[in-house]
Amino acid sequence: MISPSSQPLADAGPTPAPPLREAALARAETWIFDLDNTLYPAQCNLFAQIDQRMGHFIAELFGVDAVEAKQRQKGFFQTHGTTLRGLMVEHGVDPQAFLDFVHDIDVSVVAPLPQLTEALDRLPGRKLIYTNGTVAHADRVLARLGIADRFEGVFDIVASAYLPKPQEPPYRQLVERFGIAPQRSVMVEDMARNLKPAAGLGMTTIWVPTASAWAQPDPGDDHIHHVAPDLAAFLAALPLD
């Protein structure tokens with residue numbers, strides 16, 4: 001269980017894993033990774049670019065200024081989990097047009113991480129991406145990181161029928177599509193609440209903390225099994241042999 005008062009600092013080292021949980025990691029057959037702010041440092045701040053483009057999209061769609069667009073964007077997010085879901089449900093917006101527009105960003109700020117590559121290579125089993133973004137966005141980011149060939153597949157917002165994490169149905173769709181055995185799987189995420197459905201299915205969870213208020217666990221949460229402020233270091237330190 002993790003409470004806000006016990007959250008690790010962003011520059012802290014990897015948190016040691018309890019023996020039973022370490023065993024679950026060592027026997028994992030499938031590793032499921034979130035993409036943004038998980039596989040690359042949150043300091044890259046790609047979401048700031050995406051957020052700005054979402055504001056532009058809303059401003060143009062409704063003919064409003066930037067301030068009004070931001071208010072509407074926040075309302076969609078708070079009510080529906082993502083801006084896109086709100087636009088679709090309330091206004092029938094074409095999701096593909098929105099996704100293509102908001103992911104047209106500069107990913108050059110993402111740099112290769114050799115330590116992460118090495119850490120991924122030593123993990124047992126296969127590796128997948130589960131993202132609220134798109135396959136195209138994931139492909140661009142993974143290419144920048146130099147790890148695109150380390151992943152068997154990408155499960156994106158389109159594959160989930162535009163239902164975002166942490167809604168539960170897409171997690172079950174992911175499990176079915178890739179033939180995942182949850183009890184022998186690990187999910188890695190920067191958004192604490194997105195790990196709850198994974199834990200509910202029986203997966204072992206790893207939280208990558210960031211400074212984002214939206215990413216923090218709630219008091220009393222017990223679905224976070226490991227905390228990895230430095231994901232590459234955490235994975236590299238796992239006793240897998």
# chains A, B, ... in the order shown; residues from 1 in each chain; ligands from 1
>>> residues_around(residues="range 201-210 of chain A", least_positions_apart="3", cutoff="6 Å", atoms="only C-alpha atoms", output="MDAnalysis selection string")
chainID A and resid 182:183 185:190 198 224:229
>>> write_last_selection(atoms="N, CA and C atoms", output="tab-separated table (two decimals), in the first residue's frame")
chain	number	residue	atom	x	y	z
A	182	PRO	N	-2.92	-13.31	-16.92
A	182	PRO	CA	-2.69	-12.19	-16.00
A	182	PRO	C	-1.79	-12.52	-14.81
A	183	GLN	N	-1.96	-13.72	-14.24
A	183	GLN	CA	-1.18	-14.07	-13.04
A	183	GLN	C	0.31	-14.21	-13.35
A	185	SER	N	1.85	-12.05	-15.54
A	185	SER	CA	2.09	-10.84	-16.31
A	185	SER	C	2.40	-9.66	-15.39
A	186	VAL	N	3.06	-8.67	-15.96
A	186	VAL	CA	3.45	-7.46	-15.23
A	186	VAL	C	2.99	-6.26	-16.04
A	187	MET	N	2.41	-5.26	-15.37
A	187	MET	CA	2.06	-4.02	-16.03
A	187	MET	C	2.81	-2.87	-15.40
A	188	VAL	N	3.36	-1.99	-16.27
A	188	VAL	CA	4.18	-0.86	-15.84
A	188	VAL	C	3.52	0.42	-16.30
A	189	GLU	N	3.31	1.37	-15.40
A	189	GLU	CA	2.54	2.60	-15.68
A	189	GLU	C	3.02	3.77	-14.85
A	190	ASP	N	2.87	4.99	-15.40
A	190	ASP	CA	3.13	6.19	-14.59
A	190	ASP	C	1.85	6.71	-13.93
A	198	ALA	N	-5.49	-3.68	-13.81
A	198	ALA	CA	-4.49	-4.72	-14.05
A	198	ALA	C	-4.31	-5.59	-12.81
A	224	ILE	N	-0.69	-1.10	-6.07
A	224	ILE	CA	0.67	-0.83	-6.55
A	224	ILE	C	1.62	-1.76	-5.80
A	225	HIS	N	2.23	-2.66	-6.53
A	225	HIS	CA	3.09	-3.68	-5.91
A	225	HIS	C	4.55	-3.27	-5.85
A	226	HIS	N	5.00	-2.47	-6.81
A	226	HIS	CA	6.38	-1.99	-6.86
A	226	HIS	C	6.38	-0.54	-7.29
A	227	VAL	N	7.39	0.20	-6.86
A	227	VAL	CA	7.58	1.59	-7.27
A	227	VAL	C	8.96	1.71	-7.90
A	228	ALA	N	9.03	2.29	-9.10
A	228	ALA	CA	10.28	2.39	-9.84
A	228	ALA	C	10.52	3.81	-10.31
A	229	PRO	N	11.08	4.67	-9.45
A	229	PRO	CA	11.38	6.04	-9.87
A	229	PRO	C	12.29	6.09	-11.09
>>> atom_distance(atom1="CA of Met54 in chain A", atom2="CA of Gly81 in chain A")
14.4 Å
>>> closest_atom_pairs(of="range 22-77 of chain A", to="range 119-138 of chain A", cutoff="10 Å", atoms="only C-alpha atoms", output="JSON lines")
{"residue": "A:Leu25", "atom": "CA", "partner": "A:Pro124", "partner_atom": "CA", "distance": 8.7}
{"residue": "A:Ala26", "atom": "CA", "partner": "A:Pro124", "partner_atom": "CA", "distance": 7.2}
{"residue": "A:Arg27", "atom": "CA", "partner": "A:Pro124", "partner_atom": "CA", "distance": 7.3}
{"residue": "A:Ala28", "atom": "CA", "partner": "A:Gly125", "partner_atom": "CA", "distance": 6.5}
{"residue": "A:Glu29", "atom": "CA", "partner": "A:Gly125", "partner_atom": "CA", "distance": 4.3}
{"residue": "A:Thr30", "atom": "CA", "partner": "A:Arg126", "partner_atom": "CA", "distance": 5.0}
{"residue": "A:Trp31", "atom": "CA", "partner": "A:Lys127", "partner_atom": "CA", "distance": 4.7}
{"residue": "A:Ile32", "atom": "CA", "partner": "A:Leu128", "partner_atom": "CA", "distance": 4.8}
{"residue": "A:Phe33", "atom": "CA", "partner": "A:Ile129", "partner_atom": "CA", "distance": 4.9}
{"residue": "A:Asp34", "atom": "CA", "partner": "A:Tyr130", "partner_atom": "CA", "distance": 5.1}
{"residue": "A:Leu35", "atom": "CA", "partner": "A:Thr131", "partner_atom": "CA", "distance": 5.9}
{"residue": "A:Asp36", "atom": "CA", "partner": "A:Thr131", "partner_atom": "CA", "distance": 7.7}
{"residue": "A:Leu39", "atom": "CA", "partner": "A:Ile129", "partner_atom": "CA", "distance": 9.8}
>>> write_last_selection(atoms="N, CA, C and O atoms", output="mmCIF file, in the first residue's frame")
data_model
loop_
_atom_site.group_PDB
_atom_site.id
_atom_site.type_symbol
_atom_site.label_atom_id
_atom_site.label_comp_id
_atom_site.auth_asym_id
_atom_site.auth_seq_id
_atom_site.Cartn_x
_atom_site.Cartn_y
_atom_site.Cartn_z
ATOM 1 N N LEU A 25 7.831 -11.357 -10.569
ATOM 2 C CA LEU A 25 8.526 -10.699 -11.671
ATOM 3 C C LEU A 25 9.439 -11.680 -12.397
ATOM 4 O O LEU A 25 9.528 -11.676 -13.627
ATOM 5 N N ALA A 26 10.129 -12.520 -11.651
ATOM 6 C CA ALA A 26 11.086 -13.448 -12.241
ATOM 7 C C ALA A 26 10.402 -14.483 -13.139
ATOM 8 O O ALA A 26 10.998 -14.950 -14.110
ATOM 9 N N ARG A 27 9.156 -14.831 -12.814
ATOM 10 C CA ARG A 27 8.469 -15.851 -13.619
ATOM 11 C C ARG A 27 7.502 -15.243 -14.639
ATOM 12 O O ARG A 27 6.742 -15.974 -15.288
ATOM 13 N N ALA A 28 7.550 -13.930 -14.802
ATOM 14 C CA ALA A 28 6.624 -13.263 -15.719
ATOM 15 C C ALA A 28 6.821 -13.752 -17.154
ATOM 16 O O ALA A 28 7.948 -13.918 -17.621
ATOM 17 N N GLU A 29 5.698 -13.944 -17.818
ATOM 18 C CA GLU A 29 5.710 -14.347 -19.218
ATOM 19 C C GLU A 29 5.402 -13.184 -20.150
ATOM 20 O O GLU A 29 5.759 -13.212 -21.334
ATOM 21 N N THR A 30 4.716 -12.157 -19.625
ATOM 22 C CA THR A 30 4.333 -11.002 -20.434
ATOM 23 C C THR A 30 4.553 -9.727 -19.628
ATOM 24 O O THR A 30 4.117 -9.636 -18.476
ATOM 25 N N TRP A 31 5.212 -8.751 -20.254
ATOM 26 C CA TRP A 31 5.449 -7.440 -19.657
ATOM 27 C C TRP A 31 4.695 -6.404 -20.482
ATOM 28 O O TRP A 31 4.924 -6.281 -21.679
ATOM 29 N N ILE A 32 3.786 -5.690 -19.832
ATOM 30 C CA ILE A 32 2.941 -4.710 -20.518
ATOM 31 C C ILE A 32 3.356 -3.318 -20.054
ATOM 32 O O ILE A 32 3.268 -3.001 -18.861
ATOM 33 N N PHE A 33 3.804 -2.503 -20.989
ATOM 34 C CA PHE A 33 4.310 -1.174 -20.656
ATOM 35 C C PHE A 33 3.404 -0.082 -21.215
ATOM 36 O O PHE A 33 3.029 -0.119 -22.400
ATOM 37 N N ASP A 34 3.076 0.866 -20.372
ATOM 38 C CA ASP A 34 2.549 2.125 -20.872
ATOM 39 C C ASP A 34 3.663 2.796 -21.665
ATOM 40 O O ASP A 34 4.841 2.440 -21.533
ATOM 41 N N LEU A 35 3.308 3.798 -22.465
ATOM 42 C CA LEU A 35 4.300 4.468 -23.308
ATOM 43 C C LEU A 35 4.740 5.803 -22.719
ATOM 44 O O LEU A 35 5.844 5.946 -22.197
ATOM 45 N N ASP A 36 3.846 6.787 -22.777
ATOM 46 C CA ASP A 36 4.214 8.165 -22.444
ATOM 47 C C ASP A 36 4.488 8.345 -20.957
ATOM 48 O O ASP A 36 3.689 7.926 -20.107
ATOM 49 N N LEU A 39 8.147 4.944 -20.499
ATOM 50 C CA LEU A 39 9.348 4.457 -21.172
ATOM 51 C C LEU A 39 10.346 5.566 -21.469
ATOM 52 O O LEU A 39 11.500 5.286 -21.791
#
>>> atom_distance(atom1="CA of His223 in chain A", atom2="CA of Val110 in chain A")
29.6 Å
>>> select_by_dssp(residues="range 32-212 of chain A", states="alpha helix (DSSP H)", output="MDAnalysis selection string")
chainID A and resid 46:62 66:80 83:91 95:102 114:121 135:145 168:178 196:201
>>> residues_around(residues="range 145-147 of chain A", least_positions_apart="2", cutoff="6 Å", atoms="only C-alpha atoms", output="list of chain:residue names")
A:Ala111, A:Pro112, A:Leu142, A:Ala143, A:Asp149, A:Arg150
>>> write_last_selection(atoms="N, CA and C atoms", output="PDB file, in the first residue's frame")
ATOM      1  N   ALA A 111      15.212  10.928 -26.435  1.00  0.00           N
ATOM      2  CA  ALA A 111      16.526  10.424 -26.833  1.00  0.00           C
ATOM      3  C   ALA A 111      16.651   8.943 -26.503  1.00  0.00           C
ATOM      4  N   PRO A 112      17.489   8.222 -27.237  1.00  0.00           N
ATOM      5  CA  PRO A 112      17.716   6.808 -26.920  1.00  0.00           C
ATOM      6  C   PRO A 112      18.212   6.637 -25.484  1.00  0.00           C
ATOM      7  N   LEU A 142       8.881   4.945 -29.923  1.00  0.00           N
ATOM      8  CA  LEU A 142       9.734   3.770 -29.759  1.00  0.00           C
ATOM      9  C   LEU A 142      10.931   3.818 -30.699  1.00  0.00           C
ATOM     10  N   ALA A 143      10.732   4.359 -31.898  1.00  0.00           N
ATOM     11  CA  ALA A 143      11.845   4.510 -32.830  1.00  0.00           C
ATOM     12  C   ALA A 143      12.886   5.480 -32.286  1.00  0.00           C
ATOM     13  N   ASP A 149      11.867  -2.696 -31.857  1.00  0.00           N
ATOM     14  CA  ASP A 149      11.903  -4.133 -32.142  1.00  0.00           C
ATOM     15  C   ASP A 149      11.876  -4.988 -30.890  1.00  0.00           C
ATOM     16  N   ARG A 150      11.793  -4.351 -29.726  1.00  0.00           N
ATOM     17  CA  ARG A 150      11.723  -5.126 -28.481  1.00  0.00           C
ATOM     18  C   ARG A 150      10.291  -5.509 -28.123  1.00  0.00           C
TER      19      ARG A 150
END
>>> residues_around(residues="range 65-79 of chain A", least_positions_apart="6", cutoff="9 Å", atoms="only C-alpha atoms", output="ChimeraX atom specification")
/A:54-59,85-87,90
>>> write_last_selection(atoms="all heavy atoms", output="mmCIF file, in the first residue's frame")
data_model
loop_
_atom_site.group_PDB
_atom_site.id
_atom_site.type_symbol
_atom_site.label_atom_id
_atom_site.label_comp_id
_atom_site.auth_asym_id
_atom_site.auth_seq_id
_atom_site.Cartn_x
_atom_site.Cartn_y
_atom_site.Cartn_z
ATOM 1 N N MET A 54 -4.507 19.786 -28.549
ATOM 2 C CA MET A 54 -5.900 19.524 -28.195
ATOM 3 C C MET A 54 -6.648 20.833 -28.012
ATOM 4 O O MET A 54 -7.805 20.973 -28.441
ATOM 5 C CB MET A 54 -5.977 18.679 -26.913
ATOM 6 C CG MET A 54 -5.625 17.227 -27.123
ATOM 7 S SD MET A 54 -6.082 16.136 -25.732
ATOM 8 C CE MET A 54 -4.876 16.643 -24.523
ATOM 9 N N GLY A 55 -5.982 21.808 -27.389
ATOM 10 C CA GLY A 55 -6.600 23.121 -27.235
ATOM 11 C C GLY A 55 -6.895 23.782 -28.570
ATOM 12 O O GLY A 55 -7.968 24.366 -28.758
ATOM 13 N N HIS A 56 -5.952 23.680 -29.503
ATOM 14 C CA HIS A 56 -6.163 24.249 -30.837
ATOM 15 C C HIS A 56 -7.330 23.573 -31.549
ATOM 16 O O HIS A 56 -8.141 24.228 -32.211
ATOM 17 C CB HIS A 56 -4.886 24.099 -31.676
ATOM 18 C CG HIS A 56 -3.776 24.992 -31.240
ATOM 19 N ND1 HIS A 56 -2.469 24.825 -31.658
ATOM 20 C CD2 HIS A 56 -3.763 26.071 -30.422
ATOM 21 C CE1 HIS A 56 -1.714 25.757 -31.115
ATOM 22 N NE2 HIS A 56 -2.482 26.518 -30.352
ATOM 23 N N PHE A 57 -7.392 22.248 -31.410
ATOM 24 C CA PHE A 57 -8.466 21.494 -32.054
ATOM 25 C C PHE A 57 -9.826 21.951 -31.530
ATOM 26 O O PHE A 57 -10.767 22.194 -32.306
ATOM 27 C CB PHE A 57 -8.273 19.996 -31.795
ATOM 28 C CG PHE A 57 -9.250 19.102 -32.520
ATOM 29 C CD1 PHE A 57 -8.916 18.542 -33.732
ATOM 30 C CD2 PHE A 57 -10.511 18.827 -31.982
ATOM 31 C CE1 PHE A 57 -9.808 17.712 -34.416
ATOM 32 C CE2 PHE A 57 -11.403 18.007 -32.639
ATOM 33 C CZ PHE A 57 -11.059 17.461 -33.865
ATOM 34 N N ILE A 58 -9.947 22.082 -30.220
ATOM 35 C CA ILE A 58 -11.211 22.487 -29.602
ATOM 36 C C ILE A 58 -11.558 23.924 -29.962
ATOM 37 O O ILE A 58 -12.722 24.246 -30.260
ATOM 38 C CB ILE A 58 -11.137 22.302 -28.078
ATOM 39 C CG1 ILE A 58 -11.067 20.806 -27.748
ATOM 40 C CG2 ILE A 58 -12.345 22.937 -27.380
ATOM 41 C CD1 ILE A 58 -10.767 20.517 -26.299
ATOM 42 N N ALA A 59 -10.563 24.797 -29.958
ATOM 43 C CA ALA A 59 -10.811 26.200 -30.302
ATOM 44 C C ALA A 59 -11.348 26.336 -31.722
ATOM 45 O O ALA A 59 -12.299 27.097 -31.971
ATOM 46 C CB ALA A 59 -9.513 27.004 -30.147
ATOM 47 N N ARG A 85 -12.717 11.197 -25.561
ATOM 48 C CA ARG A 85 -13.977 10.516 -25.206
ATOM 49 C C ARG A 85 -15.099 11.527 -25.032
ATOM 50 O O ARG A 85 -16.235 11.307 -25.474
ATOM 51 C CB ARG A 85 -13.774 9.711 -23.918
ATOM 52 C CG ARG A 85 -14.940 8.770 -23.599
ATOM 53 C CD ARG A 85 -15.003 7.650 -24.601
ATOM 54 N NE ARG A 85 -16.179 6.805 -24.401
ATOM 55 C CZ ARG A 85 -16.605 5.901 -25.272
ATOM 56 N NH1 ARG A 85 -15.941 5.712 -26.405
ATOM 57 N NH2 ARG A 85 -17.670 5.181 -25.032
ATOM 58 N N GLY A 86 -14.776 12.652 -24.403
ATOM 59 C CA GLY A 86 -15.786 13.689 -24.227
ATOM 60 C C GLY A 86 -16.258 14.265 -25.543
ATOM 61 O O GLY A 86 -17.458 14.482 -25.747
ATOM 62 N N LEU A 87 -15.338 14.504 -26.460
ATOM 63 C CA LEU A 87 -15.703 15.043 -27.771
ATOM 64 C C LEU A 87 -16.559 14.057 -28.556
ATOM 65 O O LEU A 87 -17.501 14.446 -29.259
ATOM 66 C CB LEU A 87 -14.438 15.393 -28.556
ATOM 67 C CG LEU A 87 -13.669 16.635 -28.081
ATOM 68 C CD1 LEU A 87 -12.306 16.694 -28.757
ATOM 69 C CD2 LEU A 87 -14.471 17.902 -28.376
ATOM 70 N N GLU A 90 -20.148 13.647 -26.475
ATOM 71 C CA GLU A 90 -20.988 14.844 -26.409
ATOM 72 C C GLU A 90 -21.176 15.545 -27.751
ATOM 73 O O GLU A 90 -22.169 16.253 -27.935
ATOM 74 C CB GLU A 90 -20.396 15.828 -25.395
ATOM 75 C CG GLU A 90 -20.379 15.301 -23.964
ATOM 76 C CD GLU A 90 -19.945 16.358 -22.967
ATOM 77 O OE1 GLU A 90 -20.034 17.568 -23.287
ATOM 78 O OE2 GLU A 90 -19.513 15.975 -21.854
#
>>> residues_around(residues="Ala236 in chain A", least_positions_apart="3", cutoff="12 Å", atoms="only C-alpha atoms", output="ChimeraX atom specification")
/A:13-14,16,114-123,228,230-233,239-241
>>> closest_residue(among="A:His91, A:Val154, A:Ala24, A:Ala215", to="Phe62 in chain A", atoms="only C-alpha atoms")
A:His91
>>> select_by_dssp(residues="range 19-217 of chain A", states="strand (DSSP E or B)", output="compact mmCIF listing (two decimals) with N, CA and C atoms, in the first residue's frame")
# COMPACT_ATOMS: atom_id res chain seq x y z
N THR A 30 4.72 -12.16 -19.62
CA THR A 30 4.33 -11.00 -20.43
C THR A 30 4.55 -9.73 -19.63
N TRP A 31 5.21 -8.75 -20.25
CA TRP A 31 5.45 -7.44 -19.66
C TRP A 31 4.70 -6.40 -20.48
N ILE A 32 3.79 -5.69 -19.83
CA ILE A 32 2.94 -4.71 -20.52
C ILE A 32 3.36 -3.32 -20.05
N PHE A 33 3.80 -2.50 -20.99
CA PHE A 33 4.31 -1.17 -20.66
C PHE A 33 3.40 -0.08 -21.22
N ARG A 126 7.71 -12.00 -23.27
CA ARG A 126 7.47 -11.01 -24.32
C ARG A 126 7.09 -9.66 -23.71
N LYS A 127 7.12 -8.65 -24.57
CA LYS A 127 6.84 -7.29 -24.13
C LYS A 127 5.81 -6.65 -25.06
N LEU A 128 4.84 -5.93 -24.46
CA LEU A 128 3.78 -5.26 -25.20
C LEU A 128 3.67 -3.82 -24.74
N ILE A 129 3.07 -2.99 -25.59
CA ILE A 129 2.74 -1.61 -25.24
C ILE A 129 1.23 -1.50 -25.11
N TYR A 130 0.77 -0.86 -24.05
CA TYR A 130 -0.65 -0.52 -23.90
C TYR A 130 -0.73 0.97 -23.64
N GLY A 153 3.84 -6.17 -29.80
CA GLY A 153 2.66 -5.50 -30.32
C GLY A 153 2.32 -4.27 -29.51
N VAL A 154 1.40 -3.46 -30.08
CA VAL A 154 0.91 -2.25 -29.42
C VAL A 154 -0.61 -2.32 -29.36
N PHE A 155 -1.15 -2.16 -28.17
CA PHE A 155 -2.60 -2.09 -27.97
C PHE A 155 -2.91 -0.63 -27.68
N SER A 185 1.85 -12.05 -15.54
CA SER A 185 2.09 -10.84 -16.31
C SER A 185 2.40 -9.66 -15.39
N VAL A 186 3.06 -8.67 -15.96
CA VAL A 186 3.45 -7.46 -15.23
C VAL A 186 2.99 -6.26 -16.04
N MET A 187 2.41 -5.26 -15.37
CA MET A 187 2.06 -4.02 -16.03
C MET A 187 2.81 -2.87 -15.40
N VAL A 188 3.36 -1.99 -16.27
CA VAL A 188 4.18 -0.86 -15.84
C VAL A 188 3.52 0.42 -16.30
N GLU A 189 3.31 1.37 -15.40
CA GLU A 189 2.54 2.60 -15.68
C GLU A 189 3.02 3.77 -14.85
N THR A 204 0.88 -8.39 -11.72
CA THR A 204 1.80 -7.68 -10.84
C THR A 204 2.01 -6.29 -11.43
N THR A 205 2.05 -5.26 -10.58
CA THR A 205 2.10 -3.90 -11.09
C THR A 205 3.37 -3.17 -10.63
N ILE A 206 3.85 -2.28 -11.53
CA ILE A 206 4.98 -1.41 -11.25
C ILE A 206 4.56 0.02 -11.58
N TRP A 207 4.67 0.89 -10.60
CA TRP A 207 4.33 2.30 -10.80
C TRP A 207 5.60 3.11 -10.99
